[in-house]
file final_39.cif (mmCIF, C-alpha atoms, pLDDT in the B column; chains and numbers go by the auth columns)
data_structure
#
loop_
_atom_site.group_PDB
_atom_site.id
_atom_site.type_symbol
_atom_site.label_atom_id
_atom_site.label_comp_id
_atom_site.label_asym_id
_atom_site.label_seq_id
_atom_site.Cartn_x
_atom_site.Cartn_y
_atom_site.Cartn_z
_atom_site.B_iso_or_equiv
_atom_site.auth_seq_id
_atom_site.auth_asym_id
ATOM 1 C CA MET A 1 108.246 234.482 166.419 52.00 1 A
ATOM 2 C CA THR A 2 106.742 234.282 162.953 61.00 2 A
ATOM 3 C CA ALA A 3 108.438 236.458 160.379 82.00 3 A
ATOM 4 C CA LEU A 4 106.927 239.673 159.119 94.00 4 A
ATOM 5 C CA THR A 5 106.570 240.364 155.433 97.00 5 A
ATOM 6 C CA MET A 6 107.843 243.710 154.217 98.00 6 A
ATOM 7 C CA TYR A 7 106.725 244.694 150.726 98.00 7 A
ATOM 8 C CA SER A 8 109.435 246.841 149.218 98.00 8 A
ATOM 9 C CA THR A 9 111.295 248.010 146.122 97.00 9 A
ATOM 10 C CA PRO A 10 115.073 248.060 145.566 96.00 10 A
ATOM 11 C CA TRP A 11 115.107 251.877 145.325 96.00 11 A
ATOM 12 C CA CYS A 12 113.023 252.662 148.444 97.00 12 A
ATOM 13 C CA GLY A 13 115.136 254.421 151.065 97.00 13 A
ATOM 14 C CA TYR A 14 112.396 254.074 153.697 97.00 14 A
ATOM 15 C CA CYS A 15 112.348 250.321 153.068 98.00 15 A
ATOM 16 C CA HIS A 16 116.111 250.021 153.460 97.00 16 A
ATOM 17 C CA ARG A 17 116.047 252.040 156.679 98.00 17 A
ATOM 18 C CA LEU A 18 113.227 249.991 158.196 98.00 18 A
ATOM 19 C CA GLY A 19 114.958 246.771 157.165 97.00 19 A
ATOM 20 C CA ARG A 20 118.184 247.817 158.919 97.00 20 A
ATOM 21 C CA GLN A 21 116.230 248.789 162.034 97.00 21 A
ATOM 22 C CA LEU A 22 114.363 245.474 162.091 97.00 22 A
ATOM 23 C CA GLU A 23 117.647 243.588 161.710 96.00 23 A
ATOM 24 C CA ARG A 24 119.180 245.592 164.555 96.00 24 A
ATOM 25 C CA GLU A 25 116.139 244.795 166.741 94.00 25 A
ATOM 26 C CA GLY A 26 116.375 241.101 165.878 94.00 26 A
ATOM 27 C CA VAL A 27 112.931 241.025 164.247 94.00 27 A
ATOM 28 C CA PRO A 28 112.772 238.339 161.544 95.00 28 A
ATOM 29 C CA PHE A 29 111.238 239.489 158.281 96.00 29 A
ATOM 30 C CA GLU A 30 110.913 238.534 154.660 96.00 30 A
ATOM 31 C CA VAL A 31 111.225 241.094 151.857 97.00 31 A
ATOM 32 C CA VAL A 32 108.981 240.901 148.801 97.00 32 A
ATOM 33 C CA ASP A 33 109.845 243.155 145.853 98.00 33 A
ATOM 34 C CA VAL A 34 106.595 244.560 144.449 97.00 34 A
ATOM 35 C CA GLU A 35 108.349 245.378 141.186 97.00 35 A
ATOM 36 C CA GLN A 36 109.122 241.690 140.616 97.00 36 A
ATOM 37 C CA ASP A 37 105.929 240.156 142.021 97.00 37 A
ATOM 38 C CA ARG A 38 102.714 241.372 140.385 96.00 38 A
ATOM 39 C CA SER A 39 100.444 239.718 142.956 97.00 39 A
ATOM 40 C CA ALA A 40 102.425 241.389 145.749 97.00 40 A
ATOM 41 C CA ALA A 41 101.971 244.783 144.075 97.00 41 A
ATOM 42 C CA GLU A 42 98.236 244.134 143.777 97.00 42 A
ATOM 43 C CA TYR A 43 98.054 243.171 147.454 97.00 43 A
ATOM 44 C CA VAL A 44 99.901 246.342 148.504 97.00 44 A
ATOM 45 C CA MET A 45 97.504 248.440 146.424 97.00 45 A
ATOM 46 C CA SER A 46 94.534 246.647 148.012 97.00 46 A
ATOM 47 C CA VAL A 47 95.590 247.644 151.537 96.00 47 A
ATOM 48 C CA ASN A 48 96.681 251.167 150.580 96.00 48 A
ATOM 49 C CA GLY A 49 93.664 252.601 148.812 95.00 49 A
ATOM 50 C CA GLY A 50 94.962 251.752 145.338 96.00 50 A
ATOM 51 C CA ASN A 51 98.466 253.112 145.981 96.00 51 A
ATOM 52 C CA ARG A 52 101.592 251.001 145.681 95.00 52 A
ATOM 53 C CA THR A 53 103.088 252.464 148.848 96.00 53 A
ATOM 54 C CA VAL A 54 106.137 250.817 150.369 98.00 54 A
ATOM 55 C CA PRO A 55 107.225 249.753 152.849 98.00 55 A
ATOM 56 C CA THR A 56 104.021 247.945 153.668 98.00 56 A
ATOM 57 C CA VAL A 57 104.513 245.517 156.540 98.00 57 A
ATOM 58 C CA VAL A 58 102.180 242.555 157.061 97.00 58 A
ATOM 59 C CA PHE A 59 102.066 240.913 160.480 95.00 59 A
ATOM 60 C CA PRO A 60 101.462 237.264 161.349 91.00 60 A
ATOM 61 C CA ASP A 61 97.816 238.062 162.184 91.00 61 A
ATOM 62 C CA GLY A 62 97.263 239.452 158.669 92.00 62 A
ATOM 63 C CA SER A 63 97.124 243.121 159.699 94.00 63 A
ATOM 64 C CA ALA A 64 99.263 245.654 157.825 96.00 64 A
ATOM 65 C CA LEU A 65 100.974 248.984 158.439 97.00 65 A
ATOM 66 C CA THR A 66 102.221 251.331 155.753 97.00 66 A
ATOM 67 C CA ASN A 67 105.585 253.023 156.227 97.00 67 A
ATOM 68 C CA PRO A 68 105.693 252.232 159.949 97.00 68 A
ATOM 69 C CA SER A 69 108.441 253.153 162.356 97.00 69 A
ATOM 70 C CA VAL A 70 110.306 250.333 164.068 96.00 70 A
ATOM 71 C CA ALA A 71 108.512 251.353 167.293 96.00 71 A
ATOM 72 C CA GLN A 72 105.135 250.878 165.592 97.00 72 A
ATOM 73 C CA VAL A 73 106.241 247.447 164.375 96.00 73 A
ATOM 74 C CA ARG A 74 107.312 246.427 167.891 94.00 74 A
ATOM 75 C CA GLU A 75 104.010 247.684 169.342 94.00 75 A
ATOM 76 C CA ARG A 76 101.942 245.759 166.798 94.00 76 A
ATOM 77 C CA LEU A 77 104.002 242.615 167.356 91.00 77 A
ATOM 78 C CA ALA A 78 103.503 242.890 171.109 90.00 78 A
ATOM 79 C CA ALA A 79 99.752 243.365 170.640 89.00 79 A
ATOM 80 C CA THR A 80 99.417 240.365 168.328 80.00 80 A
ATOM 81 C CA SER A 81 101.625 237.943 170.297 71.00 81 A
#

call {"tool": "encode", "arguments": {"input": "final_39.cif", "output": "structure tokens"}}
result
Amino acid sequence: MTALTMYSTPWCGYCHRLGRQLEREGVPFEVVDVEQDRSAAEYVMSVNGGNRTVPTVVFPDGSALTNPSVAQVRERLAATS
């Protein structure tokens, strides 16, 4: 399975929670800190109506979900596999 990309910040509690849930589910993912990567922050704003909302998860097919539950992530992965 190709890894997901989760755009995050170090202080985001929702990001930390989703990351722990993904780890528990065995879903591989990469974390990109939007505070350290300007292009990542711009991408997140482009898919969130100008808002830098995290976590934003990008799937192997290029689709994205903002602040998804782990169940929503699993559903999207199943639909794109």

call {"tool": "residues_around", "arguments": {"input": "final_39.cif", "residues": "segment 51-66 of chain A", "least_positions_apart": "6", "cutoff": "8 Å", "atoms": "all atoms listed in the file", "output": "mmCIF file with C-alpha atoms, keeping the file's coordinate frame"}}
result
data_model
loop_
_atom_site.group_PDB
_atom_site.id
_atom_site.type_symbol
_atom_site.label_atom_id
_atom_site.label_comp_id
_atom_site.auth_asym_id
_atom_site.auth_seq_id
_atom_site.Cartn_x
_atom_site.Cartn_y
_atom_site.Cartn_z
ATOM 1 C CA THR A 2 106.742 234.282 162.953
ATOM 2 C CA ALA A 3 108.438 236.458 160.379
ATOM 3 C CA LEU A 4 106.927 239.673 159.119
ATOM 4 C CA THR A 5 106.570 240.364 155.433
ATOM 5 C CA MET A 6 107.843 243.710 154.217
ATOM 6 C CA TYR A 7 106.725 244.694 150.726
ATOM 7 C CA SER A 8 109.435 246.841 149.218
ATOM 8 C CA THR A 9 111.295 248.010 146.122
ATOM 9 C CA CYS A 12 113.023 252.662 148.444
ATOM 10 C CA TYR A 14 112.396 254.074 153.697
ATOM 11 C CA CYS A 15 112.348 250.321 153.068
ATOM 12 C CA ALA A 41 101.971 244.783 144.075
ATOM 13 C CA GLU A 42 98.236 244.134 143.777
ATOM 14 C CA VAL A 44 99.901 246.342 148.504
ATOM 15 C CA MET A 45 97.504 248.440 146.424
ATOM 16 C CA ARG A 76 101.942 245.759 166.798
ATOM 17 C CA LEU A 77 104.002 242.615 167.356
ATOM 18 C CA THR A 80 99.417 240.365 168.328
#

call {"tool": "atom_distance", "arguments": {"input": "final_39.cif", "atom1": "atom CA of Leu22 of chain A", "atom2": "atom CA of Gly50 of chain A"}}
result
26.4 Å

call {"tool": "atom_distance", "arguments": {"input": "final_39.cif", "atom1": "atom CA of Ser46 of chain A", "atom2": "atom CA of Glu23 of chain A"}}
result
27.0 Å

call {"tool": "residues_around", "arguments": {"input": "final_39.cif", "residues": "Arg24 of chain A", "least_positions_apart": "6", "cutoff": "12 Å", "atoms": "all atoms listed in the file", "output": "list in words"}}
result
Arg17, Leu18 and Val70 of chain A

call {"tool": "atom_distance", "arguments": {"input": "final_39.cif", "atom1": "atom CA of Gly13 of chain A", "atom2": "atom CA of Asn67 of chain A"}}
result
10.9 Å

call {"tool": "build_atoms", "arguments": {"input": "final_39.cif", "residues": "segment 32-45 of chain A", "atoms": "N, CA and C atoms", "output": "short mmCIF file (atom, residue, chain, number, x, y, z; two decimals), in the coordinates of the input"}}
result
data_model
loop_
_atom_site.label_atom_id
_atom_site.label_comp_id
_atom_site.auth_asym_id
_atom_site.auth_seq_id
_atom_site.Cartn_x
_atom_site.Cartn_y
_atom_site.Cartn_z
N VAL A 32 109.58 241.23 150.09
CA VAL A 32 108.98 240.90 148.80
C VAL A 32 109.05 242.16 147.94
N ASP A 33 109.68 242.04 146.79
CA ASP A 33 109.84 243.16 145.85
C ASP A 33 108.58 243.29 145.00
N VAL A 34 107.85 244.37 145.19
CA VAL A 34 106.60 244.56 144.45
C VAL A 34 106.83 244.85 142.97
N GLU A 35 108.05 245.18 142.60
CA GLU A 35 108.35 245.38 141.19
C GLU A 35 108.56 244.05 140.46
N GLN A 36 108.87 243.01 141.20
CA GLN A 36 109.12 241.69 140.62
C GLN A 36 107.93 240.74 140.78
N ASP A 37 107.05 241.05 141.70
CA ASP A 37 105.93 240.16 142.02
C ASP A 37 104.62 240.91 141.83
N ARG A 38 103.95 240.65 140.73
CA ARG A 38 102.71 241.37 140.38
C ARG A 38 101.62 241.17 141.42
N SER A 39 101.48 239.96 141.95
CA SER A 39 100.44 239.72 142.96
C SER A 39 100.75 240.47 144.24
N ALA A 40 102.04 240.62 144.57
CA ALA A 40 102.42 241.39 145.75
C ALA A 40 102.07 242.86 145.55
N ALA A 41 102.32 243.39 144.37
CA ALA A 41 101.97 244.78 144.07
C ALA A 41 100.47 244.99 144.18
N GLU A 42 99.70 244.03 143.68
CA GLU A 42 98.24 244.13 143.78
C GLU A 42 97.78 244.09 145.23
N TYR A 43 98.41 243.23 146.03
CA TYR A 43 98.05 243.17 147.45
C TYR A 43 98.34 244.52 148.14
N VAL A 44 99.52 245.06 147.90
CA VAL A 44 99.90 246.34 148.50
C VAL A 44 98.89 247.42 148.11
N MET A 45 98.50 247.45 146.86
CA MET A 45 97.50 248.44 146.42
C MET A 45 96.16 248.20 147.11
#
